[in-house]
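Note: the block below is structure-v2.cif and it holds mmCIF, C-alpha atoms.
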data_coords
loop_
_atom_site.label_atom_id
_atom_site.label_comp_id
_atom_site.auth_asym_id
_atom_site.auth_seq_id
_atom_site.Cartn_x
_atom_site.Cartn_y
_atom_site.Cartn_z
CA ASP A 1 -6.75 -75.47 -87.22
CA PHE A 2 -3.25 -75.23 -85.79
CA GLY A 3 -2.76 -71.95 -83.97
CA GLY A 4 -0.62 -70.00 -81.57
CA LYS A 5 1.68 -67.10 -82.32
CA GLY A 6 4.77 -69.21 -82.87
CA ILE A 7 2.99 -71.57 -85.26
CA ASN A 8 1.47 -68.64 -87.15
CA VAL A 9 4.93 -67.12 -87.63
CA ALA A 10 6.34 -70.49 -88.71
CA ARG A 11 3.62 -70.91 -91.33
CA VAL A 12 4.50 -67.58 -92.94
CA LEU A 13 8.22 -68.42 -92.91
CA ALA A 14 7.50 -71.78 -94.54
CA HIS A 15 5.33 -70.05 -97.17
CA PHE A 16 8.35 -67.95 -98.17
CA GLY A 17 10.64 -70.95 -98.50
CA ILE A 18 12.32 -70.81 -95.09
CA GLN A 19 12.11 -74.07 -93.15
CA PRO A 20 11.49 -73.08 -89.53
CA THR A 21 11.84 -75.30 -86.50
CA ALA A 22 8.97 -75.09 -84.01
CA THR A 23 9.61 -75.96 -80.39
CA GLY A 24 8.07 -75.57 -76.96
CA TRP A 25 5.92 -77.90 -74.88
CA LEU A 26 3.36 -80.11 -76.58
CA GLY A 27 0.57 -82.06 -74.90
CA ARG A 28 -1.11 -85.40 -75.52
CA LYS A 29 -1.05 -86.86 -79.03
CA GLY A 30 1.92 -84.61 -79.69
CA GLN A 31 3.34 -86.90 -82.36
CA HIS A 32 0.14 -86.44 -84.39
CA TYR A 33 0.52 -82.65 -84.33
CA GLU A 34 4.22 -82.82 -85.14
CA LYS A 35 3.43 -84.95 -88.20
CA LYS A 36 0.87 -82.39 -89.40
CA LEU A 37 3.32 -79.53 -88.90
CA ASN A 38 5.99 -81.38 -90.87
CA GLU A 39 3.48 -81.75 -93.72
CA MET A 40 3.13 -77.94 -93.65
CA GLY A 41 6.87 -77.48 -94.08
CA ILE A 42 7.48 -76.81 -90.39
CA HIS A 43 10.12 -78.95 -88.74
CA SER A 44 9.07 -79.60 -85.15
CA THR A 45 11.01 -80.71 -82.13
CA PHE A 46 8.87 -80.28 -79.01
CA VAL A 47 9.24 -81.35 -75.42
CA LEU A 48 6.28 -83.72 -75.00
CA THR A 49 4.05 -83.75 -71.93
CA ASN A 50 0.94 -85.67 -70.90
CA GLN A 51 -1.22 -82.56 -70.66
CA LYS A 52 -4.32 -81.74 -72.72
CA ILE A 53 -3.70 -79.36 -75.61
CA ARG A 54 -5.84 -76.24 -75.25
CA THR A 55 -8.46 -75.07 -77.74
CA ASN A 56 -9.00 -71.40 -78.57
CA VAL A 57 -12.12 -70.14 -80.34
CA LYS A 58 -12.42 -67.03 -82.52
CA VAL A 59 -15.96 -65.73 -83.11
CA LEU A 60 -16.36 -63.33 -86.03
CA GLU A 61 -19.54 -61.24 -86.27
CA GLN A 62 -20.16 -60.96 -89.99
CA HIS A 63 -22.33 -57.83 -89.87
CA SER A 64 -19.89 -55.77 -87.78
CA GLY A 65 -16.57 -57.52 -88.38
CA LYS A 66 -16.01 -57.66 -84.61
CA MET A 67 -13.80 -60.51 -83.42
CA THR A 68 -14.28 -62.14 -80.01
CA GLU A 69 -11.55 -64.44 -78.72
CA LEU A 70 -12.30 -67.27 -76.28
CA ASN A 71 -8.91 -68.55 -75.18
CA GLU A 72 -8.37 -71.43 -72.79
CA ALA A 73 -5.50 -71.27 -70.34
CA GLY A 74 -2.45 -73.26 -71.36
CA PHE A 75 -1.57 -76.38 -69.42
CA PRO A 76 0.79 -75.98 -66.43
CA ILE A 77 4.48 -76.82 -66.78
CA SER A 78 6.36 -78.68 -64.06
CA GLU A 79 9.89 -77.79 -62.99
CA ALA A 80 11.19 -80.99 -64.61
CA GLU A 81 9.49 -80.13 -67.91
CA GLN A 82 10.93 -76.63 -67.74
CA ASP A 83 14.43 -78.03 -67.20
CA ARG A 84 14.00 -80.42 -70.16
CA PHE A 85 12.99 -77.54 -72.39
CA ILE A 86 15.91 -75.34 -71.32
CA GLU A 87 18.34 -78.15 -72.15
CA HIS A 88 16.63 -78.69 -75.50
CA TYR A 89 16.50 -74.96 -76.32
CA THR A 90 20.16 -74.43 -75.47
CA ALA A 91 21.16 -77.27 -77.78
CA LEU A 92 19.13 -75.74 -80.63
CA LEU A 93 20.85 -72.36 -80.25
CA SER A 94 24.10 -73.79 -81.57
CA LYS A 95 22.37 -74.63 -84.88
CA ILE A 96 20.41 -71.44 -85.68
CA ASP A 97 20.86 -67.73 -86.44
CA VAL A 98 17.45 -66.38 -85.36
CA VAL A 99 15.04 -67.42 -82.61
CA ILE A 100 11.48 -66.13 -82.45
CA LEU A 101 9.91 -66.13 -78.98
CA ALA A 102 6.19 -65.55 -79.20
CA GLY A 103 3.07 -65.68 -77.07
CA SER A 104 2.22 -65.93 -73.41
CA LEU A 105 3.87 -68.23 -70.88
CA PRO A 106 2.07 -71.25 -69.38
CA SER A 107 1.29 -71.39 -65.70
CA GLY A 108 4.14 -72.64 -63.57
CA ILE A 109 6.68 -70.56 -65.51
CA ASP A 110 8.29 -67.51 -63.90
CA PRO A 111 7.56 -64.21 -65.74
CA SER A 112 11.30 -63.71 -66.19
CA PHE A 113 11.59 -66.89 -68.30
CA TYR A 114 11.76 -65.03 -71.61
CA CYS A 115 14.52 -62.91 -70.11
CA TYR A 116 16.57 -66.05 -69.50
CA LEU A 117 15.92 -67.40 -73.02
CA ILE A 118 17.03 -64.10 -74.55
CA GLU A 119 20.18 -64.04 -72.44
CA GLN A 120 21.05 -67.52 -73.68
CA ALA A 121 20.40 -66.50 -77.29
CA ASN A 122 22.65 -63.46 -76.89
CA LYS A 123 25.43 -65.66 -75.48
CA HIS A 124 25.21 -67.84 -78.59
CA GLN A 125 25.08 -64.77 -80.88
CA VAL A 126 21.57 -65.72 -82.02
CA LEU A 127 19.19 -62.85 -82.85
CA ALA A 128 16.22 -63.02 -80.47
CA PHE A 129 12.86 -61.72 -81.76
CA LEU A 130 10.19 -61.30 -79.08
CA ASP A 131 6.43 -60.84 -79.39
CA THR A 132 4.53 -61.06 -76.11
CA ASN A 133 2.22 -59.10 -73.83
CA GLY A 134 3.22 -55.92 -72.03
CA ASN A 135 3.75 -57.44 -68.59
CA LEU A 136 6.16 -60.09 -69.88
CA LEU A 137 7.79 -57.46 -72.06
CA LYS A 138 8.77 -55.53 -68.93
CA TYR A 139 10.89 -58.46 -67.80
CA ALA A 140 12.17 -59.54 -71.21
CA THR A 141 13.45 -56.18 -72.45
CA LYS A 142 15.98 -56.17 -69.57
CA ALA A 143 17.85 -58.90 -71.45
CA VAL A 144 17.84 -56.76 -74.64
CA PRO A 145 16.26 -58.86 -77.41
CA TYR A 146 17.22 -58.00 -80.98
CA ALA A 147 13.66 -57.14 -82.04
CA ILE A 148 10.22 -56.65 -80.49
CA LYS A 149 6.75 -55.96 -81.91
CA PRO A 150 4.16 -54.74 -79.39
CA ASN A 151 0.77 -53.60 -80.62
CA GLN A 152 -0.84 -50.52 -79.07
CA GLU A 153 -2.55 -52.46 -76.29
CA GLU A 154 0.66 -54.30 -75.38
CA LEU A 155 2.63 -51.04 -75.52
CA GLU A 156 0.18 -49.40 -73.12
CA GLU A 157 0.41 -52.40 -70.81
CA TYR A 158 4.19 -52.12 -70.92
CA LEU A 159 4.20 -48.35 -70.33
CA GLY A 160 1.46 -48.34 -67.71
CA TYR A 161 -0.56 -45.57 -69.36
CA VAL A 162 -2.82 -44.97 -72.36
CA VAL A 163 -1.11 -43.82 -75.55
CA GLN A 164 -3.20 -40.92 -76.82
CA LYS A 165 -1.04 -39.33 -79.51
CA GLU A 166 1.25 -40.67 -82.20
CA GLN A 167 4.05 -38.65 -80.64
CA ASP A 168 3.66 -40.88 -77.56
CA VAL A 169 4.22 -43.90 -79.81
CA ILE A 170 7.34 -42.35 -81.35
CA GLU A 171 8.82 -41.46 -77.96
CA ALA A 172 8.12 -44.97 -76.61
CA GLY A 173 9.72 -46.60 -79.65
CA GLN A 174 12.81 -44.42 -79.43
CA ALA A 175 13.12 -45.15 -75.70
CA LEU A 176 13.11 -48.89 -76.44
CA ILE A 177 15.82 -48.40 -79.08
CA ASN A 178 17.87 -46.46 -76.53
CA GLN A 179 17.72 -49.50 -74.25
CA GLY A 180 19.79 -51.37 -76.84
CA ILE A 181 17.05 -53.13 -78.82
CA SER A 182 18.03 -53.05 -82.50
CA LEU A 183 14.60 -53.20 -84.16
CA VAL A 184 11.26 -52.09 -82.72
CA ALA A 185 7.91 -52.26 -84.50
CA ILE A 186 4.75 -50.86 -82.94
CA SER A 187 1.62 -51.96 -84.77
CA LEU A 188 -1.46 -49.74 -84.64
CA GLY A 189 -3.97 -51.87 -86.54
CA ALA A 190 -5.74 -49.97 -89.31
CA LYS A 191 -3.59 -46.90 -88.53
CA GLY A 192 -0.48 -48.71 -89.74
CA ALA A 193 2.76 -49.24 -87.86
CA TYR A 194 5.93 -47.51 -86.76
CA PHE A 195 9.35 -49.08 -87.27
CA PHE A 196 12.41 -47.96 -85.35
CA GLN A 197 16.14 -48.51 -85.63
CA LYS A 198 18.96 -46.42 -84.19
CA GLY A 199 18.57 -42.95 -85.69
CA GLN A 200 15.67 -43.96 -87.94
CA VAL A 201 11.87 -43.91 -87.67
CA ILE A 202 9.50 -45.00 -90.44
CA LYS A 203 5.71 -44.95 -90.44
CA SER A 204 3.99 -47.52 -92.64
CA LYS A 205 0.37 -47.03 -93.65
CA SER A 206 -2.01 -49.97 -93.82
CA PRO A 207 -3.36 -50.83 -97.28
CA HIS A 208 -7.07 -50.27 -97.82
CA ILE A 209 -8.48 -53.79 -98.00
CA LYS A 210 -11.61 -55.62 -96.94
CA VAL A 211 -10.76 -57.24 -93.61
CA GLU A 212 -12.04 -60.81 -93.39
CA SER A 213 -10.18 -61.60 -90.17
CA THR A 214 -7.32 -60.11 -88.17
CA VAL A 215 -6.25 -63.49 -86.73
CA GLY A 216 -2.54 -63.94 -87.36
CA ALA A 217 -2.07 -60.46 -88.85
CA GLY A 218 0.49 -59.35 -86.27
CA ASP A 219 2.22 -62.73 -86.46
CA SER A 220 2.53 -62.39 -90.23
CA MET A 221 4.04 -58.94 -89.79
CA PHE A 222 6.51 -60.32 -87.25
CA ALA A 223 7.51 -63.08 -89.66
CA GLY A 224 8.07 -60.43 -92.32
CA MET A 225 10.40 -58.58 -89.97
CA ALA A 226 12.43 -61.74 -89.41
CA ILE A 227 12.61 -62.48 -93.15
CA SER A 228 13.81 -58.91 -93.79
CA VAL A 229 16.60 -59.23 -91.24
CA MET A 230 17.64 -62.65 -92.58
CA ASN A 231 17.94 -61.11 -96.05
CA ASN A 232 19.77 -57.98 -94.81
CA TRP A 233 17.06 -55.68 -96.21
CA ASN A 234 17.09 -52.12 -94.94
CA LEU A 235 14.26 -50.71 -92.85
CA GLU A 236 12.48 -49.09 -95.78
#
Please lay out the structure from this file as structure tokens.
Amino acid sequence: DFGGKGINVARVLAHFGIQPTATGWLGRKGQHYEKKLNEMGIHSTFVLTNQKIRTNVKVLEQHSGKMTELNEAGFPISEAEQDRFIEHYTALLSKIDVVILAGSLPSGIDPSFYCYLIEQANKHQVLAFLDTNGNLLKYATKAVPYAIKPNQEELEEYLGYVVQKEQDVIEAGQALINQGISLVAISLGAKGAYFFQKGQVIKSKSPHIKVESTVGAGDSMFAGMAISVMNNWNLE
């Protein structure tokens, strides 16, 4: 199945009638994957490489519900491929209102890369949504994205300490808002999520449902945030 945070977000957007454009670097047989994405309602415009596309495996233990993730490392990106993507990305910014930056960065890419992409989005008055791990978040928040969505583990990685109380979550979210970020969501799994805007904090409880799999749950939530902003819905 097609995967990756960006693709997961795009699938949800397409489900709600928004035609997203997926981009990034794509390995061998890229045209085959682009055709499949187009069939799913996802317009795709990737920078093609000759690298092998990675395969990630999710193992679900039926008796316990425990999920184990076996993720391959992404293929390395050369300086020339990075330059091609930057040129492509910059051209796309003149045609869009929102850009969603999601996932880890491949080897060969500087950790500050997201920071640069956000800066370019801000220059073009494009709202930059970011969902990545805590270490990359440290770099990227310096460029002030419009919205971020760390989970508890990513938040702890970003902060450098374990979050033990919900008050710690609230203080961290408010601190991120004070940095200039317009919308912050901190997901806590079964405990729900906190949403922050300037002068406003809302806690959302998770519905009581039978969990079949958590794969893509955070990505779906992130897509929902983007849809809400596109429709000018208030935080509640």
For atom CA of Val126 of chain A and atom CA of Val99 of chain A, the interatomic separation in Å (one decimal):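 Interatomic distance, atom CA of Val126 of chain A to atom CA of Val99 of chain A: 6.8 Å.
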Could you jot down the atom CA of Asn234 of chain A to atom CA of Ala147 of chain A separation for me, Å, one decimal place?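 It comes out at 14.3 Å.
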Go through A:Asp110, A:Glu61, A:Glu81, A:Glu69 one by one, measure the shortest atom-to-atom distance of each to Leu48 of chain A using only C-alpha atoms, and give the residue with the smallest value. A:Glu81
Translate the PyMOL selection byres ((chain A and resi 215-222) around 10) into a concrete residue list for this structure, as JSON, numbers by chain. {"A": [3, 4, 5, 6, 7, 8, 9, 10, 11, 12, 13, 58, 67, 69, 100, 102, 103, 129, 130, 131, 147, 148, 149, 150, 151, 185, 187, 188, 189, 193, 212, 213, 214, 223, 224, 225, 226, 227, 228]}
Compare A:Leu159, A:Cys115, A:Ala190, A:Leu127 by their minimum atom-to-atom distance to Lys142 of chain A, counting only C-alpha atoms, and give me the closest one. A:Cys115
Kindly give the distance, in Å, that separates atom CA of His43 of chain A and atom CA of Pro20 of chain A, rounded to a single decimal.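 Taking atom CA of His43 of chain A as the start and atom CA of Pro20 of chain A as the end point, the length is 6.1 Å.
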Starting from the displayed file, determine the output of the PyMOL selection byres ((chain A and resi 155) around 10) and express the residue list as a PyMOL selection string. chain A and resi 133-135+137+149-154+156-163+169+172-173+186-187
Ground truth for the PyMOL selection byres ((chain A and resi 84-97) around 12), written as a PyMOL selection string: chain A and resi 19-26+44-49+77-83+98-101+109+113-114+116-129+146+226-227+229-230
Considering all atoms listed in the file, state which residue in the set A:Ser204, A:Thr141, A:Ser104, A:Ser64 is at the smallest distance from Ala175 of chain A.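 Between A:Ser204, A:Thr141, A:Ser104, A:Ser64, the residue approaching Ala175 of chain A most closely is A:Thr141.
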Nearest residue to Asn178 of chain A out of A:Trp233, A:Phe196, A:Tyr33, A:Tyr139, using only C-alpha atoms? A:Phe196
Can you work out which one of A:Ile202, A:Leu105, A:Leu60, A:Ala140 has the shortest atom-to-atom distance to Leu176 of chain A, counting only C-alpha atoms?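 Of A:Ile202, A:Leu105, A:Leu60, A:Ala140, the one nearest Leu176 of chain A is A:Ala140, counting only C-alpha atoms.
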Show which residues sit within 10 Å of Gln51 of chain A, as JSON, numbers by chain. Count only C-alpha atoms, and ignore same-chain residues fewer than 4 positions away. {"A": [25, 26, 27, 28, 29, 30, 74, 75, 76, 77]}
